[in-house]
Amino acid sequence: MPRARIGNRIRRLRFERGEMTQEELAARAGCTRQTIIALEQGKYVPSIELAFKIARTFGVTLEEVFQYEE
Amino acid sequence: MSYQTYRLWKALVVIIVAVLVGWATPAGYAWVPLPAAAAAVVIMLLIRRGVREVVVDERIYDIARRAARMAFQAGVLAMALVGATLLALSYGDYPHLETAGFTMVYTAAGLLVIYLISYACYSRKLGGKE
């Protein structure tokens with residue numbers, strides 16, 4: 001059975017918003033900078049709540065930030 | 001206060017408490033560790049309030065949860081195995097090991113009981129009841 005994983009476009013979305021810093025995104029989403037780093041590296045999958053907060057910070061839908069890959 | 005400053009203060013408080021406990025216990029001041037630990041907790045809470053950044057989030061709790069689970073599983077298993085070994089030895093040539101063996105086995109059993117009660121409580125709280 002192939003392993004499913006959650007990918008994300010956080011790095012690209014930060015870049016598209018004028019190189020928003022990890023600190024700024026963390027502050028606006030209410031998490032630590034280390035969590036943003038872990039998310040960008042694909043080492044951590046966020047809760048639904050944090051995923052929504054990140055998506056709203058960028059002003060996009062959840063699926064524009066996170067993708068379910070099988 | 002920045003996160004880096006907070007981490008420095010945190011390390012400093014840990015060092016001071018460790019030194020205090022390390023000095024007080026052998027010196028015969030057995031009452032010192034408790035107020036020292038309580039003071040450290042209060043100081044840490046006060047310091048944390050002054051931090052502008054978020055210092056604890058869901059990833060930290062996730063890491064703590066995994067570490068606690070691993071520590072619990074390894075600790076209980078080790079205690080049960082060592083306790084059973086000590087009890088087995090106590091019935092042979094080492095009767096003085098009986099108390100230590102029973103202490104370890106009962107502690108492991110007690111931790112399992114606490115785990116089961118906590119599991120039941122959280123299961124009810126998080127809607128796991130059918």
# chains A, B, ... in the order shown; residues from 1 in each chain; ligands from 1
>>> interface_residues(of="chain A", to="chain B", cutoff="8 Å", atoms="only C-alpha atoms", output="PyMOL selection string")
chain A and resi 26-27+30-32+35+44+46-47
>>> write_last_selection(atoms="N, CA and C atoms", output="PDB file, in the first residue's frame")
ATOM      1  N   ALA A  26       4.663  32.821  11.442  1.00  0.00           N
ATOM      2  CA  ALA A  26       4.452  32.144  12.732  1.00  0.00           C
ATOM      3  C   ALA A  26       3.619  33.016  13.673  1.00  0.00           C
ATOM      4  N   ALA A  27       3.945  34.305  13.719  1.00  0.00           N
ATOM      5  CA  ALA A  27       3.221  35.216  14.611  1.00  0.00           C
ATOM      6  C   ALA A  27       1.764  35.343  14.195  1.00  0.00           C
ATOM      7  N   GLY A  30      -0.006  32.011  14.823  1.00  0.00           N
ATOM      8  CA  GLY A  30      -0.033  31.619  16.232  1.00  0.00           C
ATOM      9  C   GLY A  30       0.733  30.347  16.538  1.00  0.00           C
ATOM     10  N   CYS A  31       1.891  30.192  15.894  1.00  0.00           N
ATOM     11  CA  CYS A  31       2.738  29.034  16.202  1.00  0.00           C
ATOM     12  C   CYS A  31       4.194  29.502  16.279  1.00  0.00           C
ATOM     13  N   THR A  32       5.103  28.576  16.542  1.00  0.00           N
ATOM     14  CA  THR A  32       6.514  28.960  16.644  1.00  0.00           C
ATOM     15  C   THR A  32       7.169  28.947  15.251  1.00  0.00           C
ATOM     16  N   THR A  35       8.059  25.542  14.059  1.00  0.00           N
ATOM     17  CA  THR A  35       6.977  24.769  13.437  1.00  0.00           C
ATOM     18  C   THR A  35       6.868  25.089  11.949  1.00  0.00           C
ATOM     19  N   TYR A  44       6.621  17.814   9.523  1.00  0.00           N
ATOM     20  CA  TYR A  44       5.491  17.886  10.452  1.00  0.00           C
ATOM     21  C   TYR A  44       4.202  18.169   9.694  1.00  0.00           C
ATOM     22  N   PRO A  46       0.448  19.615  10.205  1.00  0.00           N
ATOM     23  CA  PRO A  46      -0.257  20.413  11.216  1.00  0.00           C
ATOM     24  C   PRO A  46      -1.665  19.894  11.508  1.00  0.00           C
ATOM     25  N   SER A  47      -2.226  20.391  12.603  1.00  0.00           N
ATOM     26  CA  SER A  47      -3.621  20.085  12.911  1.00  0.00           C
ATOM     27  C   SER A  47      -4.498  20.846  11.923  1.00  0.00           C
TER      28      SER A  47
END
>>> select_by_dssp(residues="region 8-127 of chain B", states="helix (DSSP H, G or I)", output="PyMOL selection string")
chain B and resi 8-27+33-49+58-90+95-125
>>> residues_around(residues="Gly42 (chain A)", least_positions_apart="6", cutoff="8 Å", atoms="only C-alpha atoms", output="PDB file with N, CA and C atoms, in the first residue's frame")
ATOM      1  N   ILE A   6       1.133  14.545   3.387  1.00  0.00           N
ATOM      2  CA  ILE A   6       0.556  15.864   3.169  1.00  0.00           C
ATOM      3  C   ILE A   6       1.684  16.802   2.719  1.00  0.00           C
ATOM      4  N   GLY A   7       1.585  17.295   1.509  1.00  0.00           N
ATOM      5  CA  GLY A   7       2.571  18.260   1.024  1.00  0.00           C
ATOM      6  C   GLY A   7       2.037  19.680   1.225  1.00  0.00           C
ATOM      7  N   ASN A   8       2.913  20.647   1.115  1.00  0.00           N
ATOM      8  CA  ASN A   8       2.426  22.030   1.250  1.00  0.00           C
ATOM      9  C   ASN A   8       3.236  22.998   0.388  1.00  0.00           C
TER      10      ASN A   8
END
>>> atom_distance(atom1="CA of Ala100 (chain B)", atom2="CA of Leu86 (chain B)")
7.1 Å
>>> select_by_dssp(residues="chain A", states="strand (DSSP E or B)", output="ChimeraX atom specification")
/A:5-8,66-69
>>> residues_around(residues="Leu87 (chain B)", least_positions_apart="2", cutoff="9 Å", atoms="only C-alpha atoms", output="VMD selection string")
chain B and resid 82 to 85 89 to 91 95 97 to 102 105
>>> residues_around(residues="Thr57 (chain A)", least_positions_apart="4", cutoff="7 Å", atoms="only C-alpha atoms", output="list in words")
Arg28, Ala29 and Lys53 of chain A
